[in-house]
$ cat my_file04.pdb   # PDB, C-alpha atoms and all ligand atoms
ATOM      1  CA  MET G1032       0.000   0.000   0.000  1.00  0.00           C
ATOM      2  CA  ASN G1033       1.192   3.494  -0.830  1.00  0.00           C
ATOM      3  CA  GLN G1034       1.617   5.451   2.402  1.00  0.00           C
ATOM      4  CA  SER G1035       1.590   9.214   1.821  1.00  0.00           C
ATOM      5  CA  LYS G1036       4.010  11.353   3.816  1.00  0.00           C
ATOM      6  CA  TYR G1037       1.205  13.891   4.286  1.00  0.00           C
ATOM      7  CA  PRO G1038      -2.117  13.887   6.147  1.00  0.00           C
ATOM      8  CA  PHE G1039      -3.948  15.274   3.096  1.00  0.00           C
ATOM      9  CA  GLY G1040      -4.635  13.890  -0.360  1.00  0.00           C
ATOM     10  CA  ASP G1041      -6.639  14.557  -3.510  1.00  0.00           C
ATOM     11  CA  ALA G1042      -9.989  15.152  -1.774  1.00  0.00           C
ATOM     12  CA  GLU G1043      -8.583  17.695   0.679  1.00  0.00           C
ATOM     13  CA  ILE G1044      -6.577  19.419  -2.067  1.00  0.00           C
ATOM     14  CA  THR G1045      -9.670  19.696  -4.289  1.00  0.00           C
ATOM     15  CA  ALA G1046     -11.613  21.264  -1.395  1.00  0.00           C
ATOM     16  CA  LEU G1047      -8.729  23.669  -0.743  1.00  0.00           C
ATOM     17  CA  ARG G1048      -8.666  24.686  -4.415  1.00  0.00           C
ATOM     18  CA  GLU G1049     -12.384  25.514  -4.265  1.00  0.00           C
ATOM     19  CA  ARG G1050     -11.822  27.638  -1.180  1.00  0.00           C
ATOM     20  CA  VAL G1051      -8.846  29.450  -2.706  1.00  0.00           C
ATOM     21  CA  ILE G1052     -10.874  30.335  -5.843  1.00  0.00           C
ATOM     22  CA  GLU G1053     -13.189  32.330  -3.565  1.00  0.00           C
ATOM     23  CA  GLU G1054     -10.332  34.207  -1.911  1.00  0.00           C
ATOM     24  CA  MET G1055      -8.602  35.743  -4.931  1.00  0.00           C
ATOM     25  CA  SER G1056      -9.284  37.426  -8.253  1.00  0.00           C
ATOM     26  CA  PRO G1057      -9.777  35.250 -11.358  1.00  0.00           C
ATOM     27  CA  LYS G1058      -6.444  36.476 -12.724  1.00  0.00           C
ATOM     28  CA  ARG G1059      -4.608  35.495  -9.547  1.00  0.00           C
ATOM     29  CA  PHE G1060      -6.331  32.122  -9.471  1.00  0.00           C
ATOM     30  CA  HIS G1061      -5.404  31.484 -13.122  1.00  0.00           C
ATOM     31  CA  HIS G1062      -1.729  31.951 -12.172  1.00  0.00           C
ATOM     32  CA  THR G1063      -2.162  29.895  -8.968  1.00  0.00           C
ATOM     33  CA  ALA G1064      -3.655  26.937 -10.865  1.00  0.00           C
ATOM     34  CA  ALA G1065      -0.839  27.161 -13.443  1.00  0.00           C
ATOM     35  CA  VAL G1066       1.760  27.074 -10.630  1.00  0.00           C
ATOM     36  CA  GLU G1067       0.037  23.994  -9.187  1.00  0.00           C
ATOM     37  CA  ASP G1068       0.321  22.278 -12.581  1.00  0.00           C
ATOM     38  CA  MET G1069       3.945  23.289 -13.072  1.00  0.00           C
ATOM     39  CA  VAL G1070       5.091  22.303  -9.587  1.00  0.00           C
ATOM     40  CA  THR G1071       3.439  18.911 -10.070  1.00  0.00           C
ATOM     41  CA  ARG G1072       5.408  18.426 -13.303  1.00  0.00           C
ATOM     42  CA  LEU G1073       8.637  19.454 -11.563  1.00  0.00           C
ATOM     43  CA  ALA G1074       8.047  17.301  -8.494  1.00  0.00           C
ATOM     44  CA  THR G1075       7.303  14.296 -10.721  1.00  0.00           C
ATOM     45  CA  LEU G1076      10.941  14.566 -11.880  1.00  0.00           C
ATOM     46  CA  PHE G1077      12.553  15.179  -8.491  1.00  0.00           C
ATOM     47  CA  CYS G1078      10.407  14.083  -5.553  1.00  0.00           C
ATOM     48  CA  PRO G1079       7.027  12.513  -6.438  1.00  0.00           C
ATOM     49  CA  GLU G1080       6.420  11.784  -2.741  1.00  0.00           C
ATOM     50  CA  ASP G1081       6.181  15.537  -2.111  1.00  0.00           C
ATOM     51  CA  ILE G1082       3.569  16.262  -4.795  1.00  0.00           C
ATOM     52  CA  PRO G1083       0.692  16.656  -2.266  1.00  0.00           C
ATOM     53  CA  ALA G1084       2.601  19.243  -0.209  1.00  0.00           C
ATOM     54  CA  LEU G1085       3.781  21.136  -3.274  1.00  0.00           C
ATOM     55  CA  ARG G1086       0.287  21.284  -4.765  1.00  0.00           C
ATOM     56  CA  VAL G1087      -0.968  22.743  -1.467  1.00  0.00           C
ATOM     57  CA  ALA G1088       1.953  25.184  -1.326  1.00  0.00           C
ATOM     58  CA  ALA G1089       1.148  26.314  -4.882  1.00  0.00           C
ATOM     59  CA  LEU G1090      -2.501  26.887  -3.973  1.00  0.00           C
ATOM     60  CA  LEU G1091      -1.524  28.935  -0.895  1.00  0.00           C
ATOM     61  CA  HIS G1092       1.589  30.760  -2.126  1.00  0.00           C
ATOM     62  CA  ASP G1093      -0.169  33.958  -3.253  1.00  0.00           C
ATOM     63  CA  ILE G1094      -3.191  34.008  -0.921  1.00  0.00           C
ATOM     64  CA  THR G1095      -2.162  37.418   0.439  1.00  0.00           C
ATOM     65  CA  LYS G1096      -0.735  38.849  -2.805  1.00  0.00           C
ATOM     66  CA  GLU G1097      -3.745  41.108  -3.276  1.00  0.00           C
ATOM     67  CA  TYR G1098      -3.606  42.572   0.239  1.00  0.00           C
ATOM     68  CA  ASP G1099      -2.499  46.208   0.456  1.00  0.00           C
ATOM     69  CA  VAL G1100       0.713  47.249   2.209  1.00  0.00           C
ATOM     70  CA  PRO G1101      -0.979  48.418   5.462  1.00  0.00           C
ATOM     71  CA  THR G1102      -2.685  45.015   5.760  1.00  0.00           C
ATOM     72  CA  HIS G1103       0.637  43.216   5.270  1.00  0.00           C
ATOM     73  CA  LYS G1104       2.229  45.452   7.890  1.00  0.00           C
ATOM     74  CA  ALA G1105      -0.592  44.782  10.347  1.00  0.00           C
ATOM     75  CA  ILE G1106      -0.210  41.009   9.916  1.00  0.00           C
ATOM     76  CA  LEU G1107       3.569  41.156  10.272  1.00  0.00           C
ATOM     77  CA  THR G1108       3.227  43.323  13.381  1.00  0.00           C
ATOM     78  CA  ARG G1109       0.659  40.936  14.915  1.00  0.00           C
ATOM     79  CA  PHE G1110       3.201  38.124  14.545  1.00  0.00           C
ATOM     80  CA  GLY G1111       5.996  40.215  16.057  1.00  0.00           C
ATOM     81  CA  GLN G1112       7.693  40.789  12.693  1.00  0.00           C
ATOM     82  CA  ALA G1113       6.986  44.478  12.161  1.00  0.00           C
ATOM     83  CA  PRO G1114       8.898  45.667   9.076  1.00  0.00           C
ATOM     84  CA  GLU G1115      12.049  47.618   9.809  1.00  0.00           C
ATOM     85  CA  ALA G1116      12.785  50.994   8.229  1.00  0.00           C
ATOM     86  CA  GLY G1117      13.319  50.593   4.513  1.00  0.00           C
ATOM     87  CA  GLU G1118      11.694  47.179   4.199  1.00  0.00           C
ATOM     88  CA  GLU G1119       8.634  48.678   2.588  1.00  0.00           C
ATOM     89  CA  TYR G1120      10.747  49.441  -0.467  1.00  0.00           C
ATOM     90  CA  ALA G1121      10.735  45.681  -0.986  1.00  0.00           C
ATOM     91  CA  TYR G1122       7.015  45.409  -0.217  1.00  0.00           C
ATOM     92  CA  LYS G1123       6.517  42.893  -3.044  1.00  0.00           C
ATOM     93  CA  THR G1124       8.207  40.344  -0.816  1.00  0.00           C
ATOM     94  CA  PHE G1125       5.736  40.874   2.060  1.00  0.00           C
ATOM     95  CA  HIS G1126       3.117  38.518   0.661  1.00  0.00           C
ATOM     96  CA  ALA G1127       5.362  35.461   0.961  1.00  0.00           C
ATOM     97  CA  ARG G1128       5.891  36.227   4.658  1.00  0.00           C
ATOM     98  CA  THR G1129       2.263  36.998   5.443  1.00  0.00           C
ATOM     99  CA  ALA G1130       0.936  33.964   3.554  1.00  0.00           C
ATOM    100  CA  ALA G1131       3.310  31.667   5.469  1.00  0.00           C
ATOM    101  CA  LEU G1132       2.323  33.274   8.789  1.00  0.00           C
ATOM    102  CA  LEU G1133      -1.411  32.866   8.136  1.00  0.00           C
ATOM    103  CA  ILE G1134      -1.356  29.195   7.071  1.00  0.00           C
ATOM    104  CA  PRO G1135      -1.399  27.734  10.628  1.00  0.00           C
ATOM    105  CA  GLU G1136      -4.486  29.720  11.649  1.00  0.00           C
ATOM    106  CA  LYS G1137      -6.407  29.898   8.356  1.00  0.00           C
ATOM    107  CA  TYR G1138      -5.550  26.479   6.912  1.00  0.00           C
ATOM    108  CA  PRO G1139      -4.536  24.329   9.917  1.00  0.00           C
ATOM    109  CA  ALA G1140      -5.084  21.056   8.024  1.00  0.00           C
ATOM    110  CA  PHE G1141      -2.209  22.044   5.714  1.00  0.00           C
ATOM    111  CA  ASN G1142       0.158  23.412   8.346  1.00  0.00           C
ATOM    112  CA  CYS G1143       3.268  21.367   7.680  1.00  0.00           C
ATOM    113  CA  GLU G1144       6.881  22.448   7.350  1.00  0.00           C
ATOM    114  CA  THR G1145       7.205  21.584   3.647  1.00  0.00           C
ATOM    115  CA  VAL G1146       4.162  23.692   2.749  1.00  0.00           C
ATOM    116  CA  VAL G1147       4.972  26.661   4.982  1.00  0.00           C
ATOM    117  CA  SER G1148       8.664  26.917   4.046  1.00  0.00           C
ATOM    118  CA  ALA G1149       7.953  26.649   0.296  1.00  0.00           C
ATOM    119  CA  VAL G1150       5.422  29.489   0.610  1.00  0.00           C
ATOM    120  CA  ARG G1151       7.730  31.547   2.832  1.00  0.00           C
ATOM    121  CA  TRP G1152      10.646  31.520   0.380  1.00  0.00           C
ATOM    122  CA  HIS G1153       8.862  31.466  -2.978  1.00  0.00           C
ATOM    123  CA  THR G1154       9.597  35.123  -3.829  1.00  0.00           C
ATOM    124  CA  THR G1155      13.149  35.832  -2.691  1.00  0.00           C
ATOM    125  CA  GLY G1156      14.676  32.399  -2.320  1.00  0.00           C
ATOM    126  CA  ARG G1157      17.308  32.046   0.419  1.00  0.00           C
ATOM    127  CA  ALA G1158      20.651  30.424   1.124  1.00  0.00           C
ATOM    128  CA  GLY G1159      20.270  26.736   1.924  1.00  0.00           C
ATOM    129  CA  MET G1160      16.977  26.242   0.089  1.00  0.00           C
ATOM    130  CA  THR G1161      15.399  22.814   0.351  1.00  0.00           C
ATOM    131  CA  LEU G1162      14.490  20.962  -2.836  1.00  0.00           C
ATOM    132  CA  THR G1163      10.788  21.615  -2.310  1.00  0.00           C
ATOM    133  CA  GLU G1164      11.425  25.341  -1.758  1.00  0.00           C
ATOM    134  CA  LYS G1165      13.402  25.429  -5.017  1.00  0.00           C
ATOM    135  CA  LEU G1166      10.648  23.670  -6.956  1.00  0.00           C
ATOM    136  CA  LEU G1167       7.896  26.081  -5.874  1.00  0.00           C
ATOM    137  CA  TYR G1168      10.192  29.050  -6.517  1.00  0.00           C
ATOM    138  CA  LEU G1169      10.882  27.798 -10.051  1.00  0.00           C
ATOM    139  CA  ALA G1170       7.264  26.807 -10.752  1.00  0.00           C
ATOM    140  CA  ASP G1171       6.189  30.347  -9.801  1.00  0.00           C
ATOM    141  CA  TYR G1172       8.671  31.702 -12.351  1.00  0.00           C
ATOM    142  CA  ILE G1173       7.957  29.403 -15.313  1.00  0.00           C
ATOM    143  CA  ASP G1174       4.265  28.486 -14.968  1.00  0.00           C
ATOM    144  CA  GLU G1175       2.465  28.470 -18.315  1.00  0.00           C
ATOM    145  CA  SER G1176       0.447  31.607 -17.469  1.00  0.00           C
ATOM    146  CA  ARG G1177       3.614  33.720 -17.566  1.00  0.00           C
ATOM    147  CA  LEU G1178       4.365  35.380 -20.892  1.00  0.00           C
ATOM    148  CA  PHE G1179       7.179  37.798 -19.958  1.00  0.00           C
ATOM    149  CA  PRO G1180      10.218  37.157 -22.189  1.00  0.00           C
ATOM    150  CA  ASP G1181      12.430  36.116 -19.223  1.00  0.00           C
ATOM    151  CA  CYS G1182       9.803  33.600 -18.052  1.00  0.00           C
ATOM    152  CA  VAL G1183       9.352  32.145 -21.538  1.00  0.00           C
ATOM    153  CA  ARG G1184      13.126  31.890 -21.949  1.00  0.00           C
ATOM    154  CA  LEU G1185      13.585  30.168 -18.593  1.00  0.00           C
ATOM    155  CA  ARG G1186      10.675  27.768 -19.198  1.00  0.00           C
ATOM    156  CA  SER G1187      12.207  26.818 -22.566  1.00  0.00           C
ATOM    157  CA  PHE G1188      15.670  26.412 -21.047  1.00  0.00           C
ATOM    158  CA  PHE G1189      14.394  23.994 -18.414  1.00  0.00           C
ATOM    159  CA  TRP G1190      12.056  21.867 -20.529  1.00  0.00           C
ATOM    160  CA  ASN G1191      14.020  21.969 -23.813  1.00  0.00           C
ATOM    161  CA  GLY G1192      16.886  20.386 -21.886  1.00  0.00           C
ATOM    162  CA  SER G1193      14.707  17.220 -21.709  1.00  0.00           C
ATOM    163  CA  PRO G1194      15.162  16.618 -17.977  1.00  0.00           C
ATOM    164  CA  GLU G1195      12.913  13.529 -18.252  1.00  0.00           C
ATOM    165  CA  GLY G1196      15.765  11.690 -20.006  1.00  0.00           C
ATOM    166  CA  MET G1197      18.436  12.705 -17.478  1.00  0.00           C
ATOM    167  CA  THR G1198      19.847  10.807 -14.517  1.00  0.00           C
ATOM    168  CA  MET G1199      18.852  12.247 -11.140  1.00  0.00           C
ATOM    169  CA  GLU G1200      22.304  13.779 -10.743  1.00  0.00           C
ATOM    170  CA  GLU G1201      22.036  15.469 -14.155  1.00  0.00           C
ATOM    171  CA  ARG G1202      18.569  16.746 -13.247  1.00  0.00           C
ATOM    172  CA  HIS G1203      19.896  18.427 -10.105  1.00  0.00           C
ATOM    173  CA  THR G1204      22.675  20.085 -12.113  1.00  0.00           C
ATOM    174  CA  HIS G1205      20.107  21.251 -14.679  1.00  0.00           C
ATOM    175  CA  LEU G1206      17.888  22.585 -11.888  1.00  0.00           C
ATOM    176  CA  ARG G1207      20.816  24.492 -10.373  1.00  0.00           C
ATOM    177  CA  ARG G1208      21.686  26.073 -13.741  1.00  0.00           C
ATOM    178  CA  THR G1209      18.049  27.014 -14.295  1.00  0.00           C
ATOM    179  CA  LEU G1210      17.825  28.599 -10.850  1.00  0.00           C
ATOM    180  CA  ILE G1211      21.040  30.574 -11.397  1.00  0.00           C
ATOM    181  CA  MET G1212      19.540  31.949 -14.620  1.00  0.00           C
ATOM    182  CA  SER G1213      16.354  32.872 -12.785  1.00  0.00           C
ATOM    183  CA  TYR G1214      18.203  34.740 -10.026  1.00  0.00           C
ATOM    184  CA  ASP G1215      20.350  36.541 -12.604  1.00  0.00           C
ATOM    185  CA  MET G1216      17.232  37.590 -14.520  1.00  0.00           C
ATOM    186  CA  THR G1217      15.523  38.755 -11.318  1.00  0.00           C
ATOM    187  CA  MET G1218      18.536  40.743 -10.169  1.00  0.00           C
ATOM    188  CA  ARG G1219      19.066  42.340 -13.600  1.00  0.00           C
ATOM    189  CA  ALA G1220      15.396  43.366 -13.711  1.00  0.00           C
ATOM    190  CA  LEU G1221      15.616  44.875 -10.216  1.00  0.00           C
ATOM    191  CA  LEU G1222      18.833  46.712 -11.090  1.00  0.00           C
ATOM    192  CA  SER G1223      17.230  48.144 -14.231  1.00  0.00           C
ATOM    193  CA  GLU G1224      14.443  49.545 -12.054  1.00  0.00           C
ATOM    194  CA  ASP G1225      16.900  50.901  -9.413  1.00  0.00           C
ATOM    195  CA  ALA G1226      15.012  48.652  -6.990  1.00  0.00           C
ATOM    196  CA  VAL G1227      16.168  47.068  -3.745  1.00  0.00           C
ATOM    197  CA  ILE G1228      17.532  43.508  -4.015  1.00  0.00           C
ATOM    198  CA  SER G1229      16.720  41.230  -1.110  1.00  0.00           C
ATOM    199  CA  PRO G1230      19.870  39.943   0.620  1.00  0.00           C
ATOM    200  CA  ASP G1231      18.222  36.495   0.600  1.00  0.00           C
ATOM    201  CA  THR G1232      18.124  36.568  -3.215  1.00  0.00           C
ATOM    202  CA  ALA G1233      21.805  37.523  -3.437  1.00  0.00           C
ATOM    203  CA  LEU G1234      22.753  34.794  -0.931  1.00  0.00           C
ATOM    204  CA  ALA G1235      20.686  32.180  -2.779  1.00  0.00           C
ATOM    205  CA  ARG G1236      22.265  33.089  -6.098  1.00  0.00           C
ATOM    206  CA  ASN G1237      25.828  33.148  -4.757  1.00  0.00           C
ATOM    207  CA  GLU G1238      25.453  29.774  -3.072  1.00  0.00           C
ATOM    208  CA  LEU G1239      24.305  28.143  -6.317  1.00  0.00           C
ATOM    209  CA  VAL G1240      27.023  29.853  -8.373  1.00  0.00           C
ATOM    210  CA  LEU G1241      29.671  28.591  -5.931  1.00  0.00           C
ATOM    211  CA  GLU G1242      28.230  25.063  -6.116  1.00  0.00           C
ATOM    212  CA  GLU G1243      28.412  25.259  -9.904  1.00  0.00           C
ATOM    213  CA  LEU G1244      32.014  26.540  -9.848  1.00  0.00           C
ATOM    214  CA  MET G1245      33.153  23.862  -7.402  1.00  0.00           C
ATOM    215  CA  CYS G1246      31.415  21.019  -9.160  1.00  0.00           C
ATOM    216  CA  CYS G1247      31.491  21.663 -12.846  1.00  0.00           C
ATOM    217  CA  ARG G1248      34.138  24.129 -14.049  1.00  0.00           C
TER
HETATM  218 FE    FE G1301       4.133  35.314  -5.027  1.00  0.00          FE
HETATM  219 FE    FE G1302       2.912  33.525  -7.685  1.00  0.00          FE
END

$ encode --input "my_file04.pdb" --output "structure tokens"
Amino acid sequence: MNQSKYPFGDAEITALRERVIEEMSPKRFHHTAAVEDMVTRLATLFCPEDIPALRVAALLHDITKEYDVPTHKAILTRFGQAPEAGEEYAYKTFHARTAALLIPEKYPAFNCETVVSAVRWHTTGRAGMTLTEKLLYLADYIDESRLFPDCVRLRSFFWNGSPEGMTMEERHTHLRRTLIMSYDMTMRALLSEDAVISPDTALARNELVLEELMCCR
């Protein structure tokens, strides 16, 4: 018998999807459903046992994306994480923090470490990312609803490399190279806008670049 690692399965995930549809705009849900599809495809290659948690994380990753900045600040303050001076210049990263904070109280049936940490780090990344954190981060970048040139280019890079035919070791190398490209694209876009770059993004990128240098050049 197949024993799932998680206390939720298809029925609970279907019910969650129906609840999430009610809590966001159609546009946001269209993206959310596309991330769920993409993270399922990615997890099938790397960690099929984690598909239930990653589908849930995809459904919950942007549940607070449409909140305004004062609402984010109020949630962060309630959890003792009031933004410090200057953090509001990176307000686009708030929703990952607030969504992760709200999961235990709003969606207690899905409050597990794999779900919460994938949601928490899906926007900035961080040093020492787990595999499941990396897969949600990437799925959010290359889901089929995204038509920005960088997203299309990264989606093509990953899937045109035919990861299905690779060994697991080759897949991890391909994932690392894809993630490095994604961080480089993100940082270039932020630089072109004179925007603040999260230290977590820089640390995540540097760690992967060092891994690549030590292993493969
Ligand atoms: Fe997001
Ligand atoms: Fe997203």

$ residues_around --input "my_file04.pdb" --residues "Lys1096 of chain G" --least-positions-apart "5" --cutoff "9 Å" --atoms "all atoms listed in the file" --output "ChimeraX atom specification"
/G:1055,1059,1123,1125-1127,1129-1130

$ atom_distance --input "my_file04.pdb" --atom1 "atom CA of Ile1094 of chain G" --atom2 "atom CA of Thr1217 of chain G"
21.9 Å

$ resolve_selection --input "my_file04.pdb" --expression "the PyMOL selection byres (((chain G and resi 1089) around 7) and not hetatm)" --output "ChimeraX atom specification"
/G:1063,1066-1067,1085-1088,1090-1092,1167

$ write_last_selection --input "my_file04.pdb" --atoms "C-alpha atoms" --output "short mmCIF file (atom, residue, chain, number, x, y, z; two decimals), in the frame of the given file"
data_model
loop_
_atom_site.label_atom_id
_atom_site.label_comp_id
_atom_site.auth_asym_id
_atom_site.auth_seq_id
_atom_site.Cartn_x
_atom_site.Cartn_y
_atom_site.Cartn_z
CA THR G 1063 -2.16 29.90 -8.97
CA VAL G 1066 1.76 27.07 -10.63
CA GLU G 1067 0.04 23.99 -9.19
CA LEU G 1085 3.78 21.14 -3.27
CA ARG G 1086 0.29 21.28 -4.76
CA VAL G 1087 -0.97 22.74 -1.47
CA ALA G 1088 1.95 25.18 -1.33
CA LEU G 1090 -2.50 26.89 -3.97
CA LEU G 1091 -1.52 28.94 -0.90
CA HIS G 1092 1.59 30.76 -2.13
CA LEU G 1167 7.90 26.08 -5.87
#

$ residues_around --input "my_file04.pdb" --residues "Lys1137 of chain G" --least-positions-apart "3" --cutoff "12 Å" --atoms "all atoms listed in the file" --output "list in words"
Leu1047, Arg1050, Val1051, Glu1054, Leu1091, Ile1094, Thr1095, Thr1129, Ala1130, Ala1131, Leu1132, Leu1133, Ile1134, Ala1140, Phe1141 and Asn1142 of chain G

$ atom_distance --input "my_file04.pdb" --atom1 "atom CA of His1061 of chain G" --atom2 "atom CA of Ala1235 of chain G"
28.1 Å

$ resolve_selection --input "my_file04.pdb" --expression "the PyMOL selection byres (((chain G and resi 1215) around 12) and not hetatm)" --output "compact mmCIF listing (two decimals) with C-alpha atoms, in the coordinates of the input"
# COMPACT_ATOMS: atom_id res chain seq x y z
CA ASP G 1181 12.43 36.12 -19.22
CA LEU G 1185 13.58 30.17 -18.59
CA ARG G 1208 21.69 26.07 -13.74
CA THR G 1209 18.05 27.01 -14.30
CA LEU G 1210 17.82 28.60 -10.85
CA ILE G 1211 21.04 30.57 -11.40
CA MET G 1212 19.54 31.95 -14.62
CA SER G 1213 16.35 32.87 -12.78
CA TYR G 1214 18.20 34.74 -10.03
CA MET G 1216 17.23 37.59 -14.52
CA THR G 1217 15.52 38.76 -11.32
CA MET G 1218 18.54 40.74 -10.17
CA ARG G 1219 19.07 42.34 -13.60
CA ALA G 1220 15.40 43.37 -13.71
CA LEU G 1221 15.62 44.88 -10.22
CA LEU G 1222 18.83 46.71 -11.09
CA ILE G 1228 17.53 43.51 -4.01
CA THR G 1232 18.12 36.57 -3.22
CA ALA G 1233 21.80 37.52 -3.44
CA ALA G 1235 20.69 32.18 -2.78
CA ARG G 1236 22.26 33.09 -6.10
CA ASN G 1237 25.83 33.15 -4.76
CA LEU G 1239 24.30 28.14 -6.32
CA VAL G 1240 27.02 29.85 -8.37

$ resolve_selection --input "my_file04.pdb" --expression "the PyMOL selection byres (((chain G and resi 1122) around 10) and not hetatm)" --output "PyMOL selection string"
chain G and resi 1099-1100+1103-1104+1114+1117-1121+1123-1126+1227

$ write_last_selection --input "my_file04.pdb" --atoms "C-alpha atoms" --output "PDB file, in the frame of the given file"
ATOM      1  CA  ASP G1099      -2.499  46.208   0.456  1.00  0.00           C
ATOM      2  CA  VAL G1100       0.713  47.249   2.209  1.00  0.00           C
ATOM      3  CA  HIS G1103       0.637  43.216   5.270  1.00  0.00           C
ATOM      4  CA  LYS G1104       2.229  45.452   7.890  1.00  0.00           C
ATOM      5  CA  PRO G1114       8.898  45.667   9.076  1.00  0.00           C
ATOM      6  CA  GLY G1117      13.319  50.593   4.513  1.00  0.00           C
ATOM      7  CA  GLU G1118      11.694  47.179   4.199  1.00  0.00           C
ATOM      8  CA  GLU G1119       8.634  48.678   2.588  1.00  0.00           C
ATOM      9  CA  TYR G1120      10.747  49.441  -0.467  1.00  0.00           C
ATOM     10  CA  ALA G1121      10.735  45.681  -0.986  1.00  0.00           C
ATOM     11  CA  LYS G1123       6.517  42.893  -3.044  1.00  0.00           C
ATOM     12  CA  THR G1124       8.207  40.344  -0.816  1.00  0.00           C
ATOM     13  CA  PHE G1125       5.736  40.874   2.060  1.00  0.00           C
ATOM     14  CA  HIS G1126       3.117  38.518   0.661  1.00  0.00           C
ATOM     15  CA  VAL G1227      16.168  47.068  -3.745  1.00  0.00           C
TER      16      VAL G1227
END

$ atom_distance --input "my_file04.pdb" --atom1 "atom CA of Val1150 of chain G" --atom2 "atom CA of Asn1191 of chain G"
27.0 Å

$ residues_around --input "my_file04.pdb" --residues "Pro1194 of chain G" --least-positions-apart "2" --cutoff "10 Å" --atoms "all atoms listed in the file" --output "number ranges by chain"
G: 1073, 1076-1077, 1189-1192, 1196-1199, 1201-1203, 1205-1206

$ closest_residue --input "my_file04.pdb" --among "G:Arg1207, G:Arg1177, G:His1153, G:Lys1165" --to "ligand FE 1301 (chain G)" --atoms "all atoms listed in the file"
G:His1153

$ closest_residue --input "my_file04.pdb" --among "G:Pro1135, G:Glu1097, G:Leu1166, G:Cys1182" --to "ligand FE 1301 (chain G)" --atoms "only C-alpha atoms and all ligand atoms"
G:Glu1097

$ closest_residue --input "my_file04.pdb" --among "G:Glu1136, G:Asp1171, G:Glu1043, G:Glu1049" --to "Ala1149 of chain G" --atoms "all atoms listed in the file"
G:Asp1171

$ closest_residue --input "my_file04.pdb" --among "G:Tyr1138, G:Asp1093, G:Gly1159, G:Asp1174" --to "ligand FE 1301 (chain G)" --atoms "only C-alpha atoms and all ligand atoms"
G:Asp1093

$ residues_near_point --input "my_file04.pdb" --point "(5.6, 28.5, -19.9)" --cutoff "9 Å" --atoms "all atoms listed in the file" --output "ChimeraX atom specification"
/G:1069,1172-1178,1182-1187

$ write_last_selection --input "my_file04.pdb" --atoms "C-alpha atoms" --output "JSON list (two decimals), keeping the file's coordinate frame"
[["chain", "number", "residue", "atom", "x", "y", "z"],
["G", 1069, "MET", "CA", 3.94, 23.29, -13.07],
["G", 1172, "TYR", "CA", 8.67, 31.70, -12.35],
["G", 1173, "ILE", "CA", 7.96, 29.40, -15.31],
["G", 1174, "ASP", "CA", 4.26, 28.49, -14.97],
["G", 1175, "GLU", "CA", 2.46, 28.47, -18.32],
["G", 1176, "SER", "CA", 0.45, 31.61, -17.47],
["G", 1177, "ARG", "CA", 3.61, 33.72, -17.57],
["G", 1178, "LEU", "CA", 4.36, 35.38, -20.89],
["G", 1182, "CYS", "CA", 9.80, 33.60, -18.05],
["G", 1183, "VAL", "CA", 9.35, 32.15, -21.54],
["G", 1184, "ARG", "CA", 13.13, 31.89, -21.95],
["G", 1185, "LEU", "CA", 13.58, 30.17, -18.59],
["G", 1186, "ARG", "CA", 10.68, 27.77, -19.20],
["G", 1187, "SER", "CA", 12.21, 26.82, -22.57]]
